[in-house]
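Report on the structure given below.
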Amino acid sequence: MRGYGASLALGCGLEYNGQPLTQELNLRTVPPVEKTDYDYIIIGSGIAGLNTALLAQEHGSVLILTKGRIEDCNTLYAQGGIAAALGPGDSAVLHMQDTLTAGAGLCDPEAVSVLTREGPQRVANLIQWGVPFDTIHGQIALGREGAHSMPRILHAGGDATGQHIETTLAQRVAQSSITVLEFSLATKILVEEGRAYGVEARDTASSRTLKFTGRYIIVATGGGGRLYRFTTNPEVATGDGVALAFNAGAAVMDLEFYQFHPTAFSMEGSPSFLLSEAMRGEGAVLRDNQGRAFMSDYHPLADLAPRDVVSRAIAAEMESSGGGPVRLDISHLPADTVQARFPTIYSFCMEHGVDITKEPAPVAPAAHYMMGGIKTDVWGRTSLGGLYGCGEVACAAVHGANRLASNSLLDTLVFAQRVVASTLGDAPEPATPGPSPDGPAYVAATLTQRQLVCASAPALSLESLQDLMWRNVGINRNGQRLLLSARILQLWQRTMPKPEDLPSFELANMVLLARLMVEAALLRQESRGSHFREDFPQPSEQWEKHVVLTKISTSQEDAT
Ligand code: FAD
Ligand code: SIN
């Protein structure tokens, strides 16, 4: 079996506020692989997995399974920072209001209240653990981002927040008794008598199947941006956790809501590298190809409007000008300020021939964040006993139909702590299933079996899936294209060979997640937050509810 042992060197050699951006991790080389029974099995090593593991190790043995190296995750790339109501004049109530507004009527108020009230304490824990947040005159520096009414974004290394968090947490894990198995792909949640009791995994180096048992199984596998042709997410973001939990029988929710970040670098041959919303927080302006600032045509908050609004505005501008990117202009700031505040972005753009201190950068929207996921309560409990969800893969309806910037890292911290608390018996008994009296209602559904009438379906490949999702399940959707996609996806799912290696397991997971997203998007006959239907362009009161999907039993299959 392959353990982990590489010395992790991250960063671009720059400094910000006196903090070096390169850190070294000295990880153990030989994990105790003979042990197969743990108290906590955590799948994933981003902020959600590592934070949960560090909290859980106080209470039992912990195993982390992660399919790449420990630092292969979305967290590493987080730029803008973590939102928390810490500044003068700010409060949990204001933060809650902003979150609810961005969420477009689909946030669960209790979950948002938990997030915004408990957030500052969880951020304080990160500071105690050594995450070097940037300061100004000895105080934590607080930035601004879209749809936040106050400056409340803590950042580290300028725009290298995720890198500092991931390396700090990974270092603590390396110094702990937690067992980490890198290159270990979780392939199945083991369930007996309605309760999760273990995980089947595959050592991707030797192709050996591994089996672990645990009292608490925590899915922290992050998002699924790789479903789309253009995404800010790294290669590991293939939505595995939703597929694992759904296949095990857990309910999933809100999957029609996928957030498209408005400003990813857009140049032929370059990856969709994120240009942080914090740039607009510092006054950067979106311009069309004639140099005109256009966002005030679309929203009173102009460049700091919610992400779904800005992404749709850019998509409209791109369409009206023949498809090319728009421009993000931060050249109003002094060059040394731009270099210090956005060192990673500045370096990336320079490498691609754009000096953002002098000229605007070409940008376009890209798939960024999965608002939906495994349905959990505010203690991270899923609908399946013994199974918990934490981080981007989980959905407690805290982000509703559109996540507020920098609330994701906060969400992982707050709910990691709650997951561990609930395994210790600190959570109240689960409420009776069903809508909470204060929150939006639910509509329950299963995967509809469609008639296979699409003779001209393209062959399944990662690229054909990404193209299908980008074209038909992207920023603008309509019923006809969604239905066609549902049929193609179903066909692919039925004809796909049994997965045998990492890429084929990931592809199978992505096809299933895509099917769930399309079904939910077809059901929701309205436009709300990140879900925009050209055939139902307005929000509808009828749809102030969540779509919850569970596995169909074969006897329930119908044809439409
Ligand atoms: P991840 O960090 O993605 O970790 C998931 C882990 O699960 C990985 O280790 C992965 O390898 C592992 N895994 C997946 N499937 C399997 C499997 N089958 N078996 C074993 N392991 C598996 N949010 C903010 O709040 N502020 C920001 O500034 C910000 N900036 C961002 C910038 C970028 C470019 C991106 C992509 C996202 C950003 N986000 C930001 C979102 C935020 O970073 C993520 O939502 C958050 O890091 C998710 O953390 P996580 O631990 O849930 O998942
Ligand atoms: C960004 O820096 O723009 C990303 C922040 C986020 O996704 O919350």
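Naming works like this for the structure tokens: A, B, ... for the chains as they're shown, residue 1 at the start of each chain, ligands 1 onward in shown order.
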Please build the interface table for chain A against ligand 2 with a cut-off of 10 Å, listing for each qualifying residue the nearest atom pair and the distance in Å to one decimal; count only C-alpha atoms and all ligand atoms, order rows by chain and increasing number, and write it as CSV.
residue,atom,partner,partner_atom_place_in_ligand_line,distance
A:Tyr77,CA,ligand 2,4 (C),9.0
A:Ala78,CA,ligand 2,4 (C),6.2
A:Gln79,CA,ligand 2,2 (O),4.3
A:Gly80,CA,ligand 2,2 (O),3.2
A:Gly81,CA,ligand 2,5 (C),6.4
A:Ile82,CA,ligand 2,8 (O),7.5
A:Ala83,CA,ligand 2,8 (O),8.4
A:Glu145,CA,ligand 2,3 (O),7.7
A:Gly146,CA,ligand 2,3 (O),8.7
A:Ile153,CA,ligand 2,5 (C),9.5
A:His155,CA,ligand 2,2 (O),9.5
A:Asp159,CA,ligand 2,2 (O),7.4
A:Ala160,CA,ligand 2,2 (O),9.4
A:Thr161,CA,ligand 2,2 (O),9.0
A:Gly162,CA,ligand 2,2 (O),9.8
A:Thr232,CA,ligand 2,4 (C),9.5
A:Gln259,CA,ligand 2,7 (O),9.0
A:Phe260,CA,ligand 2,7 (O),9.5
A:His261,CA,ligand 2,3 (O),7.2
A:Pro262,CA,ligand 2,3 (O),8.6
A:Thr263,CA,ligand 2,3 (O),7.8
A:Ala264,CA,ligand 2,3 (O),9.1
A:Leu274,CA,ligand 2,3 (O),6.9
A:Leu275,CA,ligand 2,3 (O),6.5
A:Ser276,CA,ligand 2,3 (O),3.5
A:Glu277,CA,ligand 2,3 (O),3.5
A:Ala278,CA,ligand 2,2 (O),5.7
A:Met279,CA,ligand 2,3 (O),7.9
A:Arg280,CA,ligand 2,3 (O),8.9
A:Gly281,CA,ligand 2,3 (O),9.4
A:Arg307,CA,ligand 2,3 (O),9.3
A:His368,CA,ligand 2,7 (O),7.1
A:Tyr369,CA,ligand 2,7 (O),7.1
A:Arg403,CA,ligand 2,8 (O),7.7
A:Leu404,CA,ligand 2,8 (O),6.8
A:Ala405,CA,ligand 2,8 (O),3.7
A:Ser406,CA,ligand 2,8 (O),3.3
A:Asn407,CA,ligand 2,8 (O),5.9
A:Ser408,CA,ligand 2,8 (O),5.9
A:Leu409,CA,ligand 2,8 (O),7.5
A:Leu410,CA,ligand 2,8 (O),9.5
Practice item. As a PyMOL selection string, list the residues of segment 242-478 of chain A assigned to helix (DSSP H, G or I) by DSSP on the backbone atoms of this structure. Key: chain A and resi 242-248+277-281+295-297+302-304+307-320+335-341+343-351+391-393+407-423+462-472
Review point. In terms of the shortest atom-to-atom distance over only C-alpha atoms and all ligand atoms, which of A:Phe257, A:Tyr216, A:Trp129, A:Phe183 is closest to ligand 1?
Key: A:Phe183
Check your understanding: Using only C-alpha atoms, which residue out of A:Lys188, A:Arg69, A:Arg202, A:Lys211 lies closest to Asp37 of chain A?
Key -> A:Lys211
Practice item. Would you mind listing what lies within 12 Å of Thr221 of chain A as a VMD selection string, with only C-alpha atoms counted and same-chain residues fewer than 2 positions away left out? Key: chain A and resid 42 to 50 64 to 68 72 to 75 185 to 187 218 to 219 223 to 224 236 to 245 370 373 to 374 388 to 394 412
Could you save the residues just selected, with N, CA and C atoms, as a compact mmCIF listing (two decimals), in the first residue's frame?
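The resulting file, part.txt, is reproduced below:
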# COMPACT_ATOMS: atom_id res chain seq x y z
N ILE A 42 -12.75 9.74 7.90
CA ILE A 42 -13.04 11.01 7.20
C ILE A 42 -12.56 10.89 5.77
N ILE A 43 -13.45 11.16 4.84
CA ILE A 43 -13.06 11.07 3.42
C ILE A 43 -12.79 12.49 2.93
N GLY A 44 -11.54 12.79 2.64
CA GLY A 44 -11.19 14.12 2.13
C GLY A 44 -10.22 14.85 3.05
N SER A 45 -9.29 15.60 2.44
CA SER A 45 -8.27 16.29 3.24
C SER A 45 -8.19 17.77 2.90
N GLY A 46 -9.32 18.38 2.57
CA GLY A 46 -9.40 19.85 2.47
C GLY A 46 -9.65 20.40 3.86
N ILE A 47 -10.06 21.65 3.91
CA ILE A 47 -10.29 22.29 5.23
C ILE A 47 -11.33 21.52 6.05
N ALA A 48 -12.38 21.01 5.39
CA ALA A 48 -13.43 20.32 6.15
C ALA A 48 -12.89 19.02 6.76
N GLY A 49 -12.17 18.24 5.95
CA GLY A 49 -11.65 16.96 6.44
C GLY A 49 -10.59 17.15 7.51
N LEU A 50 -9.65 18.04 7.26
CA LEU A 50 -8.54 18.22 8.22
C LEU A 50 -9.04 18.83 9.52
N ILE A 64 -7.98 9.45 7.86
CA ILE A 64 -8.36 10.27 6.71
C ILE A 64 -8.00 9.51 5.45
N LEU A 65 -8.98 9.34 4.58
CA LEU A 65 -8.72 8.79 3.24
C LEU A 65 -8.76 9.94 2.26
N THR A 66 -7.74 10.04 1.43
CA THR A 66 -7.78 11.11 0.44
C THR A 66 -7.23 10.60 -0.89
N LYS A 67 -7.87 11.00 -1.99
CA LYS A 67 -7.58 10.29 -3.24
C LYS A 67 -6.33 10.77 -3.95
N GLY A 68 -5.80 11.93 -3.55
CA GLY A 68 -4.55 12.40 -4.13
C GLY A 68 -3.53 12.60 -3.02
N ASP A 72 -4.16 18.12 -2.30
CA ASP A 72 -4.92 18.20 -3.55
C ASP A 72 -6.39 18.44 -3.22
N CYS A 73 -6.81 19.67 -3.26
CA CYS A 73 -8.18 20.01 -2.86
C CYS A 73 -8.50 21.44 -3.29
N ASN A 74 -9.78 21.78 -3.24
CA ASN A 74 -10.19 23.16 -3.54
C ASN A 74 -9.60 24.15 -2.55
N THR A 75 -9.54 23.71 -1.28
CA THR A 75 -9.13 24.63 -0.22
C THR A 75 -7.82 25.34 -0.55
N LEU A 185 -8.74 6.22 -2.83
CA LEU A 185 -10.02 6.69 -3.36
C LEU A 185 -11.17 5.95 -2.69
N ALA A 186 -12.03 6.66 -1.99
CA ALA A 186 -13.21 6.01 -1.41
C ALA A 186 -14.16 5.66 -2.55
N THR A 187 -14.58 4.40 -2.60
CA THR A 187 -15.43 3.97 -3.72
C THR A 187 -16.83 3.55 -3.27
N ILE A 218 -17.49 10.29 7.87
CA ILE A 218 -17.69 11.72 7.55
C ILE A 218 -17.22 11.99 6.12
N VAL A 219 -18.16 12.41 5.30
CA VAL A 219 -17.83 12.70 3.90
C VAL A 219 -17.45 14.18 3.81
N GLY A 223 -16.34 19.79 -3.80
CA GLY A 223 -17.32 20.05 -4.86
C GLY A 223 -17.11 19.25 -6.12
N GLY A 224 -17.70 19.76 -7.21
CA GLY A 224 -17.69 18.99 -8.46
C GLY A 224 -17.47 19.85 -9.70
N VAL A 236 -9.30 17.14 -8.62
CA VAL A 236 -9.95 16.23 -7.66
C VAL A 236 -11.43 16.54 -7.45
N ALA A 237 -11.90 17.69 -7.95
CA ALA A 237 -13.27 18.12 -7.65
C ALA A 237 -14.26 17.46 -8.61
N THR A 238 -14.53 16.18 -8.36
CA THR A 238 -15.38 15.41 -9.27
C THR A 238 -16.69 14.96 -8.61
N GLY A 239 -17.04 15.57 -7.51
CA GLY A 239 -18.35 15.31 -6.91
C GLY A 239 -18.52 13.91 -6.36
N ASP A 240 -17.43 13.24 -6.01
CA ASP A 240 -17.52 11.84 -5.56
C ASP A 240 -18.43 11.66 -4.36
N GLY A 241 -18.36 12.60 -3.42
CA GLY A 241 -19.08 12.43 -2.16
C GLY A 241 -20.58 12.36 -2.36
N VAL A 242 -21.10 13.16 -3.28
CA VAL A 242 -22.55 13.13 -3.54
C VAL A 242 -22.92 11.74 -4.07
N ALA A 243 -22.11 11.24 -5.00
CA ALA A 243 -22.40 9.92 -5.58
C ALA A 243 -22.28 8.82 -4.52
N LEU A 244 -21.24 8.89 -3.68
CA LEU A 244 -21.06 7.87 -2.64
C LEU A 244 -22.26 7.85 -1.70
N ALA A 245 -22.67 9.03 -1.25
CA ALA A 245 -23.76 9.11 -0.27
C ALA A 245 -25.09 8.72 -0.90
N MET A 370 -20.46 24.27 -5.47
CA MET A 370 -21.69 23.47 -5.46
C MET A 370 -22.50 23.85 -4.21
N GLY A 373 -25.86 19.46 -2.25
CA GLY A 373 -24.98 18.37 -1.81
C GLY A 373 -25.75 17.36 -0.99
N ILE A 374 -25.01 16.65 -0.14
CA ILE A 374 -25.65 15.65 0.72
C ILE A 374 -26.47 16.41 1.76
N TYR A 388 -22.13 11.34 8.05
CA TYR A 388 -22.13 12.79 8.25
C TYR A 388 -21.57 13.45 6.99
N GLY A 389 -21.96 14.70 6.77
CA GLY A 389 -21.41 15.45 5.64
C GLY A 389 -20.85 16.76 6.16
N CYS A 390 -19.72 17.18 5.61
CA CYS A 390 -19.13 18.44 6.05
C CYS A 390 -18.42 19.12 4.89
N GLY A 391 -18.54 20.43 4.80
CA GLY A 391 -17.83 21.18 3.76
C GLY A 391 -18.68 21.33 2.52
N GLU A 392 -17.99 21.54 1.41
CA GLU A 392 -18.72 21.87 0.16
C GLU A 392 -19.65 20.74 -0.26
N VAL A 393 -19.32 19.51 0.09
CA VAL A 393 -20.16 18.38 -0.34
C VAL A 393 -21.49 18.33 0.41
N ALA A 394 -21.57 19.02 1.54
CA ALA A 394 -22.77 18.92 2.38
C ALA A 394 -23.71 20.08 2.08
N THR A 412 -17.31 25.42 6.45
CA THR A 412 -16.58 24.18 6.78
C THR A 412 -16.14 24.20 8.24
Exercise for review: Go through A:Arg287, A:Arg418, A:Arg528, A:Lys358 one by one, measure the shortest atom-to-atom distance of each to Gly119 of chain A using only C-alpha atoms, and give the residue with the smallest value.
Suggested key: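 Nearest to Gly119 of chain A: A:Arg418.
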Exercise for review: Excluding Ala508 of chain A and any residue of its chain fewer than 5 positions from it, enumerate the residues within 10 Å of it, using only C-alpha atoms, and give them as a list in words.
Suggested key: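 The filter keeps Thr238, Asp240, Ala243, Leu462, Trp492, Gln493, Met496, Pro497, Lys498, Pro499, Pro503, Leu513 and Ala514 of chain A.
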Check your understanding: Using only C-alpha atoms and all ligand atoms, which of A:Pro360, A:Gly425, A:Pro458, A:Pro234 sits nearest ligand 1?
Key ->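 Counting only C-alpha atoms and all ligand atoms, the residue closest to ligand 1 is A:Pro234.
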**Study point:** Pairwise distance for atom CA of Met517 of chain A and atom CA of Ala251 of chain A, rounded to one decimal in Å
**Key:**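 Straight-line distance from atom CA of Met517 of chain A to atom CA of Ala251 of chain A works out to 13.3 Å.
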Review point. Given the choices A:Phe536, A:Phe294, A:Phe505, A:Tyr442, which gets closest to ligand 1 if the distance is worked out from only C-alpha atoms and all ligand atoms?
Key: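 Looking at the shortest contact to ligand 1, the residue is A:Phe505.
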**Study point:** Separation of atom CA of Glu319 of chain A from atom CA of Ala520 of chain A in Å
**Key:** 26.4 Å
Exercise for review: Find the residue from A:Pro325, A:Gly158, A:Gly474, A:Gly385 that sits nearest to ligand 1; use only C-alpha atoms and all ligand atoms when measuring.
Suggested key: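 With only C-alpha atoms and all ligand atoms as the atom set, the closest residue is A:Gly158.
Near Phe133 of chain A, within a cut-off of 10 Å and counting only C-alpha atoms, sit the residues Asn17, Gln19, Gly81, Ile82, Leu126, Ile127, Gly130, Gln139, Ile140, Ala141, Leu142, Leu154, His155, Ala156, Gly157, Gly158, Ala160, Thr161, His164 and Ile165 of chain A, with same-chain residues fewer than 3 positions away left out.
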Practice item. Could you please determine the separation between atom CA of Gln525 of chain A and atom CA of Arg450 of chain A in Å, to one decimal place? Key: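 Atom CA of Arg450 of chain A lies at a distance of 18.2 Å from atom CA of Gln525 of chain A.
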